[in-house]
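Undergrad: Dropping in entry_37.cif, which is mmCIF, C-alpha atoms (C1' of nucleotides):
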```cif
data_structure
loop_
_atom_site.label_atom_id
_atom_site.label_comp_id
_atom_site.auth_asym_id
_atom_site.auth_seq_id
_atom_site.Cartn_x
_atom_site.Cartn_y
_atom_site.Cartn_z
CA MET A 1 94.11 85.20 93.39
CA ARG A 2 93.83 81.87 91.65
CA PRO A 3 90.43 80.96 90.32
CA PRO A 4 88.76 78.17 92.21
CA GLU A 5 88.12 75.23 90.00
CA LEU A 6 84.48 75.06 89.17
CA ASP A 7 82.84 72.39 87.10
CA THR A 8 80.19 72.92 84.48
CA PHE A 9 77.31 72.76 86.95
CA ASP A 10 78.79 75.50 89.10
CA LEU A 11 79.37 77.73 86.12
CA ARG A 12 75.83 77.15 84.90
CA ILE A 13 74.47 78.09 88.30
CA LEU A 14 76.46 81.30 88.29
CA ARG A 15 75.37 82.09 84.78
CA GLU A 16 71.69 81.55 85.45
CA LEU A 17 71.69 83.46 88.72
CA GLN A 18 73.54 86.30 87.08
CA GLU A 19 70.70 86.44 84.55
CA ASP A 20 67.89 86.05 87.03
CA GLY A 21 68.75 86.31 90.68
CA ARG A 22 65.28 85.29 91.80
CA LEU A 23 65.15 81.94 90.10
CA THR A 24 63.62 79.33 92.37
CA ASN A 25 65.88 76.46 93.21
CA ALA A 26 63.46 74.14 91.44
CA GLU A 27 63.67 76.11 88.23
CA LEU A 28 67.40 76.56 88.53
CA SER A 29 67.98 72.86 89.02
CA GLU A 30 66.00 72.10 85.89
CA ARG A 31 67.97 74.55 83.82
CA ILE A 32 71.35 73.25 84.85
CA GLY A 33 70.31 69.61 84.61
CA LEU A 34 70.57 68.53 88.22
CA SER A 35 67.99 67.62 90.83
CA PRO A 36 67.02 70.24 93.42
CA SER A 37 69.04 68.88 96.34
CA PRO A 38 72.55 69.01 94.91
CA CYS A 39 71.67 72.20 93.09
CA LEU A 40 70.80 73.95 96.31
CA ARG A 41 73.92 72.57 97.98
CA ARG A 42 76.11 73.95 95.24
CA THR A 43 74.41 77.32 95.30
CA ARG A 44 74.90 77.60 99.05
CA GLN A 45 78.55 76.71 98.66
CA LEU A 46 79.05 79.30 95.99
CA GLU A 47 77.54 81.82 98.36
CA GLU A 48 79.70 80.73 101.28
CA MET A 49 82.82 80.80 99.14
CA GLY A 50 81.97 84.39 98.34
CA LEU A 51 81.76 83.78 94.62
CA ILE A 52 78.19 84.94 94.87
CA ALA A 53 78.62 88.15 96.81
CA GLY A 54 74.92 88.90 97.06
CA TYR A 55 71.72 89.46 95.18
CA GLN A 56 70.18 92.72 94.20
CA ALA A 57 67.29 94.16 92.31
CA ARG A 58 68.38 96.15 89.28
CA LEU A 59 66.45 99.42 89.31
CA ASP A 60 65.80 101.66 86.34
CA ALA A 61 67.46 104.92 87.29
CA ALA A 62 65.90 106.97 84.52
CA ARG A 63 62.37 105.85 85.27
CA LEU A 64 62.91 106.55 88.92
CA GLY A 65 63.75 110.14 88.16
CA LEU A 66 67.49 109.74 88.54
CA GLY A 67 68.24 110.91 85.06
CA VAL A 68 71.89 111.83 85.28
CA LEU A 69 74.78 109.38 85.28
CA ALA A 70 78.21 110.95 85.33
CA PHE A 71 81.73 109.60 85.22
CA ILE A 72 84.07 111.79 87.19
CA GLN A 73 87.83 111.59 87.04
CA VAL A 74 89.28 112.84 90.30
CA HIS A 75 92.80 114.13 90.92
CA LEU A 76 94.08 114.32 94.46
CA GLU A 77 96.83 116.46 95.89
CA ARG A 78 100.18 114.75 95.71
CA GLN A 79 102.36 114.11 98.70
CA VAL A 80 99.42 113.88 101.02
CA GLU A 81 99.37 110.44 102.47
CA GLU A 82 96.06 110.83 104.17
CA ALA A 83 94.35 112.33 101.17
CA ALA A 84 93.58 108.98 99.61
CA ARG A 85 92.27 107.46 102.80
CA ASP A 86 90.11 110.44 103.62
CA PHE A 87 88.83 110.70 100.10
CA GLU A 88 87.81 107.05 100.04
CA ALA A 89 86.03 107.38 103.34
CA ALA A 90 84.17 110.43 102.09
CA VAL A 91 83.17 108.68 98.89
CA LEU A 92 81.85 105.67 100.77
CA ALA A 93 79.50 107.94 102.66
CA LEU A 94 78.11 109.69 99.59
CA PRO A 95 75.00 107.94 98.29
CA GLN A 96 75.26 109.61 94.89
CA VAL A 97 78.48 107.72 94.23
CA VAL A 98 77.41 104.30 93.02
CA ALA A 99 80.91 103.13 92.16
CA CYS A 100 84.46 104.30 92.75
CA ASP A 101 87.73 102.81 91.59
CA SER A 102 91.27 103.92 91.98
CA VAL A 103 92.74 103.76 88.52
CA THR A 104 95.89 103.97 86.48
CA GLY A 105 96.32 106.73 83.96
CA ASP A 106 96.05 110.46 84.31
CA SER A 107 93.65 110.56 87.20
CA ASP A 108 93.58 108.95 90.61
CA TYR A 109 89.97 107.88 90.92
CA LEU A 110 87.07 107.26 88.63
CA LEU A 111 83.67 107.87 90.17
CA GLN A 112 80.28 106.90 88.86
CA VAL A 113 77.67 109.26 90.16
CA VAL A 114 73.88 109.27 89.90
CA CYS A 115 71.79 112.41 90.35
CA GLU A 116 68.25 113.54 89.70
CA ASP A 117 69.14 116.19 87.17
CA LEU A 118 71.87 118.50 86.03
CA GLU A 119 71.16 120.91 88.80
CA GLY A 120 71.63 118.17 91.34
CA PHE A 121 74.78 117.07 89.61
CA ALA A 122 76.22 120.58 89.59
CA HIS A 123 75.55 120.84 93.29
CA PHE A 124 77.24 117.52 93.89
CA ALA A 125 80.29 118.29 91.79
CA HIS A 126 80.85 121.79 93.13
CA ASP A 127 79.59 121.88 96.66
CA ILE A 128 80.17 118.32 97.76
CA LEU A 129 82.94 116.71 95.76
CA MET A 130 85.19 119.73 95.47
CA GLY A 131 84.66 120.31 99.15
CA ILE A 132 86.43 117.10 100.11
CA PRO A 133 89.92 117.95 101.41
CA GLY A 134 92.70 116.76 99.16
CA VAL A 135 90.71 116.97 95.95
CA ARG A 136 92.75 118.94 93.47
CA GLY A 137 90.53 118.76 90.46
CA VAL A 138 87.82 116.81 88.71
CA ARG A 139 86.78 116.19 85.13
CA SER A 140 83.30 115.00 84.33
CA SER A 141 81.69 113.13 81.49
CA LEU A 142 77.95 112.75 81.31
CA ALA A 143 76.42 109.56 80.01
CA LEU A 144 74.34 110.38 76.97
CA LYS A 145 73.08 106.89 76.33
CA ARG A 146 73.48 103.64 78.14
CA VAL A 147 74.45 101.30 75.35
CA LYS A 148 75.10 98.28 77.55
CA GLU A 149 74.60 97.97 81.24
CA HIS A 150 73.81 94.39 82.10
CA ARG A 151 77.00 94.03 84.10
CA ARG A 152 77.19 90.29 83.70
CA LEU A 153 80.66 88.88 84.10
CA PRO A 154 82.01 86.99 81.09
CA LEU A 155 81.94 83.54 82.64
CA ASP A 156 82.41 81.98 79.24
CA GLN A 157 86.03 83.04 79.46
CA LEU A 158 86.51 80.55 82.29
CA LYS A 159 87.08 76.94 81.50
CA PRO A 160 85.36 74.39 83.70
CA VAL A 161 87.25 71.63 85.47
CA PRO A 162 86.27 68.36 83.76
CA LYS A 163 84.90 67.02 87.02
CA SER A 164 86.98 63.91 86.60
CA ALA A 165 90.71 64.33 87.09
CA ASP A 166 91.67 65.51 90.56
CA SER A 167 88.16 66.22 91.66
CA ALA A 168 88.56 64.75 95.12
CA ALA A 169 91.63 66.73 96.05
CA GLU A 170 90.18 69.84 94.54
CA LYS A 171 86.92 69.62 96.41
CA ALA A 172 88.73 68.87 99.65
CA GLY A 173 90.53 72.15 99.23
CA ILE A 174 87.60 74.18 98.13
CA TYR A 175 84.78 72.87 100.23
CA GLY A 176 86.82 71.76 103.18
CA ALA A 177 89.03 73.75 105.49
CA GLY A 178 90.56 75.55 102.57
CA SER A 179 94.08 75.36 103.91
CA GLN A 180 95.89 75.17 100.60
CA LYS A 181 96.55 77.28 97.58
CA GLY A 182 98.02 80.20 99.43
CA MET A 183 94.85 81.70 100.74
CA MET B 1 60.97 111.24 81.89
CA ARG B 2 58.96 112.29 84.91
CA PRO B 3 59.45 110.23 88.01
CA PRO B 4 56.42 108.20 88.89
CA GLU B 5 55.07 109.21 92.24
CA LEU B 6 55.92 106.55 94.75
CA ASP B 7 54.90 106.58 98.36
CA THR B 8 57.05 105.57 101.28
CA PHE B 9 56.15 101.90 101.03
CA ASP B 10 57.22 101.71 97.41
CA LEU B 11 60.52 103.40 98.14
CA ARG B 12 61.14 101.07 101.06
CA ILE B 13 60.50 98.07 98.86
CA LEU B 14 62.95 99.34 96.28
CA ARG B 15 65.52 100.06 98.94
CA GLU B 16 65.28 96.66 100.54
CA LEU B 17 65.32 94.74 97.28
CA GLN B 18 68.26 96.76 96.11
CA GLU B 19 70.07 95.58 99.23
CA ASP B 20 68.94 91.99 99.07
CA GLY B 21 67.22 90.84 95.93
CA ARG B 22 66.34 87.46 97.37
CA LEU B 23 64.32 88.68 100.31
CA THR B 24 61.22 86.57 100.76
CA ASN B 25 57.99 88.47 100.46
CA ALA B 26 57.25 87.60 104.08
CA GLU B 27 60.49 89.14 105.28
CA LEU B 28 60.15 92.12 102.99
CA SER B 29 56.64 92.87 104.17
CA GLU B 30 57.82 92.85 107.76
CA ARG B 31 60.64 95.25 107.03
CA ILE B 32 58.50 97.79 105.26
CA GLY B 33 55.66 97.52 107.74
CA LEU B 34 52.92 96.09 105.58
CA SER B 35 51.25 92.69 105.45
CA PRO B 36 52.40 90.21 102.81
CA SER B 37 49.49 90.63 100.39
CA PRO B 38 49.77 94.33 99.60
CA CYS B 39 53.53 94.07 99.76
CA LEU B 40 53.58 91.45 97.03
CA ARG B 41 51.11 93.46 94.97
CA ARG B 42 53.29 96.53 95.14
CA THR B 43 56.42 94.61 94.28
CA ARG B 44 54.75 93.10 91.22
CA GLN B 45 53.61 96.54 90.13
CA LEU B 46 57.07 97.96 90.50
CA GLU B 47 58.29 95.13 88.30
CA GLU B 48 55.60 95.66 85.69
CA MET B 49 56.23 99.39 85.63
CA GLY B 50 59.83 98.58 84.86
CA LEU B 51 61.17 100.35 87.91
CA ILE B 52 62.57 97.01 88.93
CA ALA B 53 64.31 95.96 85.74
CA GLY B 54 65.37 92.58 87.02
CA TYR B 55 67.26 90.72 89.67
CA GLN B 56 70.77 89.44 89.52
CA ALA B 57 73.39 87.69 91.57
CA ARG B 58 76.39 89.87 92.19
CA LEU B 59 79.48 87.76 91.49
CA ASP B 60 82.96 88.38 92.80
CA ALA B 61 85.01 88.89 89.66
CA ALA B 62 88.37 88.66 91.37
CA ARG B 63 87.59 85.41 93.14
CA LEU B 64 86.31 83.95 89.92
CA GLY B 65 89.60 84.58 88.25
CA LEU B 66 88.49 87.67 86.36
CA GLY B 67 91.11 89.89 87.87
CA VAL B 68 91.22 92.77 85.44
CA LEU B 69 88.68 95.59 85.24
CA ALA B 70 89.47 98.29 82.73
CA PHE B 71 87.85 101.54 81.75
CA ILE B 72 88.38 102.27 78.10
CA GLN B 73 87.70 105.59 76.43
CA VAL B 74 86.93 105.02 72.78
CA HIS B 75 87.18 107.54 69.95
CA LEU B 76 85.39 106.84 66.71
CA GLU B 77 86.09 108.19 63.25
CA ARG B 78 84.20 111.39 62.60
CA GLN B 79 81.85 111.85 59.70
CA VAL B 80 80.99 108.19 59.63
CA GLU B 81 77.32 107.86 60.33
CA GLU B 82 77.32 104.13 60.58
CA ALA B 83 80.35 103.98 62.81
CA ALA B 84 78.36 104.56 65.97
CA ARG B 85 75.68 102.05 65.09
CA ASP B 86 78.17 99.38 64.11
CA PHE B 87 80.34 100.01 67.13
CA GLU B 88 77.41 99.69 69.48
CA ALA B 89 76.32 96.46 67.86
CA ALA B 90 79.84 95.08 68.13
CA VAL B 91 80.07 96.07 71.78
CA LEU B 92 76.78 94.42 72.61
CA ALA B 93 78.13 91.15 71.28
CA LEU B 94 81.36 91.24 73.28
CA PRO B 95 80.98 89.47 76.61
CA GLN B 96 84.06 91.17 78.08
CA VAL B 97 82.26 94.50 77.88
CA VAL B 98 80.11 94.65 80.99
CA ALA B 99 78.99 98.24 80.45
CA CYS B 100 79.16 100.83 77.70
CA ASP B 101 77.95 104.41 77.64
CA SER B 102 78.16 107.09 75.05
CA VAL B 103 79.52 110.09 76.87
CA THR B 104 80.24 113.79 76.65
CA GLY B 105 83.79 115.04 76.85
CA ASP B 106 86.83 114.14 74.88
CA SER B 107 85.85 110.60 73.95
CA ASP B 108 82.79 109.07 72.37
CA TYR B 109 82.27 105.97 74.47
CA LEU B 110 83.33 104.72 77.85
CA LEU B 111 83.61 100.96 78.13
CA GLN B 112 83.95 98.83 81.22
CA VAL B 113 85.74 95.64 80.42
CA VAL B 114 86.45 92.53 82.47
CA CYS B 115 89.23 90.08 81.59
CA GLU B 116 91.05 87.23 83.24
CA ASP B 117 94.44 88.89 83.28
CA LEU B 118 96.57 91.50 81.59
CA GLU B 119 97.35 89.16 78.76
CA GLY B 120 93.68 88.69 78.09
CA PHE B 121 93.12 92.40 78.32
CA ALA B 122 95.91 93.15 75.87
CA HIS B 123 94.40 90.69 73.45
CA PHE B 124 91.00 92.30 73.86
CA ALA B 125 92.24 95.85 73.42
CA HIS B 126 94.49 95.18 70.46
CA ASP B 127 93.00 92.33 68.53
CA ILE B 128 89.33 92.75 69.25
CA LEU B 129 88.52 96.35 70.12
CA MET B 130 90.90 98.00 67.68
CA GLY B 131 89.65 95.62 65.05
CA ILE B 132 86.16 97.11 65.08
CA PRO B 133 85.70 99.30 62.02
CA GLY B 134 85.37 102.99 62.83
CA VAL B 135 87.44 102.86 65.98
CA ARG B 136 90.05 105.57 65.74
CA GLY B 137 91.71 105.20 69.08
CA VAL B 138 91.34 104.03 72.65
CA ARG B 139 92.74 105.02 76.01
CA SER B 140 92.65 102.58 78.90
CA SER B 141 92.69 102.88 82.65
CA LEU B 142 93.03 99.82 84.82
CA ALA B 143 91.19 99.61 88.10
CA LEU B 144 93.70 99.22 90.88
CA LYS B 145 91.24 98.95 93.71
CA ARG B 146 87.51 98.83 93.85
CA VAL B 147 86.74 101.37 96.51
CA LYS B 148 82.98 101.24 96.14
CA GLU B 149 80.95 99.03 93.91
CA HIS B 150 77.59 98.40 95.49
CA ARG B 151 75.82 100.15 92.66
CA ARG B 152 72.78 101.04 94.71
CA LEU B 153 70.85 103.99 93.42
CA PRO B 154 70.49 106.90 95.84
CA LEU B 155 66.80 106.54 96.46
CA ASP B 156 67.04 108.86 99.43
CA GLN B 157 67.30 111.69 96.95
CA LEU B 158 63.70 111.01 95.92
CA LYS B 159 60.88 112.40 97.97
CA PRO B 160 57.87 110.17 98.51
CA VAL B 161 54.37 111.26 97.62
CA PRO B 162 52.45 111.69 100.89
CA LYS B 163 49.96 109.12 99.73
CA SER B 164 47.22 111.68 100.08
CA ALA B 165 46.97 114.38 97.40
CA ASP B 166 45.92 113.20 93.96
CA SER B 167 46.63 109.58 94.58
CA ALA B 168 43.58 108.31 92.74
CA ALA B 169 44.30 110.06 89.48
CA GLU B 170 47.95 109.18 89.74
CA LYS B 171 47.35 105.49 90.23
CA ALA B 172 44.83 105.38 87.43
CA GLY B 173 47.49 106.65 85.11
CA ILE B 174 50.36 104.59 86.34
CA TYR B 175 48.79 101.27 87.08
CA GLY B 176 46.11 101.44 84.43
CA ALA B 177 46.46 101.62 80.68
CA GLY B 178 49.37 104.00 80.99
CA SER B 179 48.28 106.19 78.13
CA GLN B 180 49.69 109.44 79.39
CA LYS B 181 53.03 111.10 79.98
CA GLY B 182 54.36 110.62 76.52
CA MET B 183 55.25 106.99 76.67
"C1'" DT C 1 28.92 117.61 106.18
"C1'" DA C 2 26.90 113.25 104.63
"C1'" DT C 3 27.00 109.88 101.11
"C1'" DT C 4 28.87 107.16 97.48
"C1'" DA C 5 32.58 105.29 94.77
"C1'" DT C 6 37.10 103.78 94.61
"C1'" DT C 7 41.17 101.97 96.30
"C1'" DT C 8 44.06 99.58 99.30
"C1'" DC C 9 44.42 96.84 103.25
"C1'" DG C 10 44.73 92.27 105.88
"C1'" DG C 11 43.39 87.39 106.22
"C1'" DC C 12 42.74 82.89 104.42
"C1'" DA C 13 43.59 78.46 101.89
"C1'" DG C 14 45.38 75.59 98.31
"C1'" DA C 15 49.58 75.16 95.74
"C1'" DA C 16 54.40 75.54 95.29
"C1'" DG C 17 58.95 75.68 97.02
"C1'" DC C 18 62.57 75.05 100.61
"C1'" DT C 19 65.69 72.26 103.21
"C1'" DG C 20 67.76 68.78 106.10
"C1'" DC C 21 68.13 63.83 106.20
"C1'" DC C 22 68.37 59.30 104.07
"C1'" DG C 23 70.34 55.40 101.21
"C1'" DA C 24 72.33 54.60 96.56
"C1'" DT C 25 75.71 55.41 93.10
"C1'" DA C 26 80.03 56.87 91.05
"C1'" DC C 27 84.50 57.91 91.69
"C1'" DT C 28 89.40 57.79 93.72
"C1'" DC C 29 93.22 55.70 95.75
"C1'" DA C 30 95.92 52.13 97.59
"C1'" DT D 1 90.11 44.70 93.23
"C1'" DG D 2 88.36 46.53 97.55
"C1'" DA D 3 87.86 50.33 100.95
"C1'" DG D 4 86.85 54.98 101.51
"C1'" DT D 5 84.90 59.29 100.04
"C1'" DA D 6 81.99 62.42 97.79
"C1'" DT D 7 77.98 63.53 95.22
"C1'" DC D 8 73.65 62.21 93.62
"C1'" DG D 9 68.39 61.86 93.89
"C1'" DG D 10 64.25 61.24 96.80
"C1'" DC D 11 61.41 62.12 100.68
"C1'" DA D 12 58.82 64.74 104.43
"C1'" DG D 13 57.86 68.46 107.41
"C1'" DC D 14 57.84 73.14 107.19
"C1'" DT D 15 57.80 77.73 105.13
"C1'" DT D 16 56.43 80.69 101.57
"C1'" DC D 17 53.70 82.14 97.68
"C1'" DT D 18 49.61 83.87 95.55
"C1'" DG D 19 44.92 84.68 94.14
"C1'" DC D 20 40.47 85.71 96.25
"C1'" DC D 21 37.57 87.56 99.82
"C1'" DG D 22 35.34 91.19 102.87
"C1'" DA D 23 36.71 95.33 105.67
"C1'" DA D 24 38.66 99.76 106.30
"C1'" DA D 25 40.38 103.99 104.60
"C1'" DT D 26 40.47 107.57 101.36
"C1'" DA D 27 38.68 110.74 97.73
"C1'" DA D 28 34.89 112.84 95.13
"C1'" DT D 29 30.25 114.78 95.04
"C1'" DA D 30 26.19 116.93 96.39
#
```
Could I get this file's structure written as structure tokens?

TA:
Amino acid sequence: MRPPELDTFDLRILRELQEDGRLTNAELSERIGLSPSPCLRRTRQLEEMGLIAGYQARLDAARLGLGVLAFIQVHLERQVEEAARDFEAAVLALPQVVACDSVTGDSDYLLQVVCEDLEGFAHFAHDILMGIPGVRGVRSSLALKRVKEHRRLPLDQLKPVPKSADSAAEKAGIYGAGSQKGM
Amino acid sequence: MRPPELDTFDLRILRELQEDGRLTNAELSERIGLSPSPCLRRTRQLEEMGLIAGYQARLDAARLGLGVLAFIQVHLERQVEEAARDFEAAVLALPQVVACDSVTGDSDYLLQVVCEDLEGFAHFAHDILMGIPGVRGVRSSLALKRVKEHRRLPLDQLKPVPKSADSAAEKAGIYGAGSQKGM
DNA sequence: TATTATTTCGGCAGAAGCTGCCGATACTCA
DNA sequence: TGAGTATCGGCAGCTTCTGCCGAAATAATA
């Protein structure tokens, strides 16, 4: 997937909203150096393009009494085509699993699991996870300390389009019917 | 850390805001079955108590051209007291690292890293990460497919306080000076 | 059980913010 | 250089926010 070409304003909007998702449009427009109208337009477009996938409150798991975060490497049975599909479906339905990726390396999936306490985690790992058909084995690591968890994407790595150049053609593609660029 | 005792309304607020962090207070109050005034009051309290740590826009990394998510297990040199402190400080300053936990098991830290492409990732792993003093070795897994990534805490695991019981004493402690519970 | 104290509720009103429309400006392309 | 296009900023009606009020519900006490 090719990155859409965003100018500095767009990147600033993304950056600010990634920091504070409840910024008012008025405040946001001030911070990025644009008046409210075009700022709101751009934000809506970023949402419609799916670059902003949504907004969410970040909750403090520990303070809420969800004290255990575990990373679980999962190995599935080989040669079972349906195993992966079934496992993914099962994982999607488990609220304790807050993230799940299929990964390279010596396991098939990496799960991130949140539980109240070790007892709850033990129950999850043994009775629930190991009970999913196709699961051959798991290996768990418990998070001892959350060193960094802001989860903000490194937008600084992206270089803005200078807003001059082929801006017209670019916008036509991005904001318009979007019939180019091999979508 | 003991979980603060939240009633059903509080839990509903957390649930809804975890789903959509930009809900208007009017809409939120409707959904939880309370009028706007007390709803806003409760939300503000949840923020002040730190249960709501913040709000953020969830961006689509892939569509933004940040196509690589990697999980990196990091081993530090043993017997080096400062290694951990220095490593954590270094990690905090690296924008590519979107999350970092110190973990149990056969590595010291688990990093989640976002890069534009494999080239960028290779550069990060070799030139940046391995360049941090005290790092003995790393092992990487690349995410092939994000099966689940909503990152919503399983609030259903928590049981609400019936709103009767010792509500008065509880509120005094939580909402007031907060001088109890070993803070 | 009756009374008092405390807490939380719902409603209201001024202030702030949203949002769709307008003309004006800057830019591109022929 | 001139026509066409896209983005800007401003405005106005509407929604939403937010702090303050009295009322209702709950808890503590006698």

Undergrad: Could you give me, as a list of chain:residue names, the residues that have an atom at most 10 Å away from the point (94.9, 106.0, 87.6) in the coordinates of the file, using only C-alpha atoms (C1' of nucleotides)?

TA: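 Output of the proximity query reads A:Gln73, A:Val74, A:His75, A:Asp101, A:Ser102, A:Val103, A:Thr104, A:Gly105, A:Asp106, A:Ser107, A:Asp108, A:Tyr109, A:Leu110, B:Ser140, B:Ser141, B:Leu142, B:Ala143, B:Leu144.
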
Undergrad: Please evaluate the PyMOL selection byres ((chain B and resi 49) around 10) against the structure above and give the resulting residues as a PyMOL selection string.

TA: (chain A and resi 60+63) or (chain B and resi 4+43-48+50-53+174-175+178)

Undergrad: Using all atoms listed in the file, which of the listed residues (C:DC29, C:DC22, C:DA16, C:DA5) sits closest to A:Glu27?

TA: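 Distance minimum relative to A:Glu27 lands on C:DA16.
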
Undergrad: Nearest to chain D among A:Cys39, A:Ala90, A:Glu5, A:Val98, with distances taken over only C-alpha atoms (C1' of nucleotides): which residue is it?

TA: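 So, comparing all the options, the nearest one is A:Cys39.
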
Undergrad: Convert the output of the PyMOL selection byres ((chain C) within 9 of (chain A)) on the shown file into explicit residues, formatted as a list in words.

TA: DG17, DC18, DT19, DC27 and DT28 of chain C

Undergrad: Calculate how many Å separate atom CA of A:Ala70 from atom CA of A:Val113, rounding to one decimal.

TA: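 For atom CA of A:Ala70 relative to atom CA of A:Val113, the distance reads 5.1 Å.
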
Undergrad: Check what the PyMOL selection byres ((chain A and resi 120-137) around 6) selects in the file above and give those residues as a short mmCIF file (atom, residue, chain, number, x, y, z; two decimals) with C-alpha atoms, in the coordinates of the input.

TA:
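Output file part.cif is given in full below:
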```cif
data_model
loop_
_atom_site.label_atom_id
_atom_site.label_comp_id
_atom_site.auth_asym_id
_atom_site.auth_seq_id
_atom_site.Cartn_x
_atom_site.Cartn_y
_atom_site.Cartn_z
CA HIS A 75 92.80 114.13 90.92
CA LEU A 76 94.08 114.32 94.46
CA GLU A 77 96.83 116.46 95.89
CA ALA A 83 94.35 112.33 101.17
CA CYS A 115 71.79 112.41 90.35
CA GLU A 116 68.25 113.54 89.70
CA ASP A 117 69.14 116.19 87.17
CA LEU A 118 71.87 118.50 86.03
CA GLU A 119 71.16 120.91 88.80
CA VAL A 138 87.82 116.81 88.71
#
```

Undergrad: Return as lines of an AutoDock Vina configuration file the box centre and box size in Å, one decimal, for an axis-aligned box around all listed atoms of stretch 88-102 of chain B padded by 3 Å per side.

TA:
```
center_x = 80.2
center_y = 98.3
center_z = 74.4
size_x = 13.7
size_y = 23.6
size_z = 19.1
```

Undergrad: Identify every residue of chain D that has at least one atom within 12 Å of any atom of chain A, counting all atoms listed in the file, and report the result as an mmCIF file with C-alpha atoms (C1' of nucleotides), in the coordinates of the input.

TA:
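Final output, out08.cif:
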```
data_model
loop_
_atom_site.group_PDB
_atom_site.id
_atom_site.type_symbol
_atom_site.label_atom_id
_atom_site.label_comp_id
_atom_site.auth_asym_id
_atom_site.auth_seq_id
_atom_site.Cartn_x
_atom_site.Cartn_y
_atom_site.Cartn_z
ATOM 1 C "C1'" DG D 4 86.850 54.980 101.510
ATOM 2 C "C1'" DT D 5 84.900 59.290 100.040
ATOM 3 C "C1'" DA D 6 81.990 62.420 97.790
ATOM 4 C "C1'" DT D 7 77.980 63.530 95.220
ATOM 5 C "C1'" DC D 8 73.650 62.210 93.620
ATOM 6 C "C1'" DG D 9 68.390 61.860 93.890
ATOM 7 C "C1'" DG D 10 64.250 61.240 96.800
ATOM 8 C "C1'" DC D 11 61.410 62.120 100.680
ATOM 9 C "C1'" DT D 16 56.430 80.690 101.570
ATOM 10 C "C1'" DC D 17 53.700 82.140 97.680
#
```

Undergrad: Which one is closest to C:DT3: D:DA30, D:DC14, D:DA25, D:DC20? Count all atoms listed in the file.

TA: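 When distances to C:DT3 are compared using all atoms listed in the file, the smallest one comes from D:DA30.
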
Undergrad: In Å, with one decimal, what is the gap from atom CA of B:Pro160 to atom CA of B:Leu11?

TA: 7.3 Å

Undergrad: Using atom CA of B:Val80 and atom CA of A:Lys148 as the two end points, give the distance in Å to one decimal.

TA: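 About the pair atom CA of B:Val80 and atom CA of A:Lys148: they are 21.3 Å apart.
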
Undergrad: If we draw a sphere of 7 Å around (36.7, 110.4, 93.5), which residues have at least one atom in it when counting all atoms listed in the file? Please report them as a list in words.

TA: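 Output: DA5 and DT6 of chain C; DA27 and DA28 of chain D.
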
Undergrad: Please determine, counting all atoms listed in the file, which residue among B:Ala93, B:Ala57, B:Leu28, B:Ile72 has the shortest atom-to-atom distance to chain A.

TA: B:Ala57

Undergrad: Which is closest to chain A among B:Gln18, B:Gln79, B:Ser29, B:Gln112, if we use all atoms listed in the file?

TA: B:Gln18

Undergrad: Find, counting all atoms listed in the file, the residue in B:Arg151, B:Glu30, B:Arg15, B:Asp7 that gets nearest to chain A.

TA: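 Ranking B:Arg151, B:Glu30, B:Arg15, B:Asp7 by distance to chain A, first place goes to B:Arg151.
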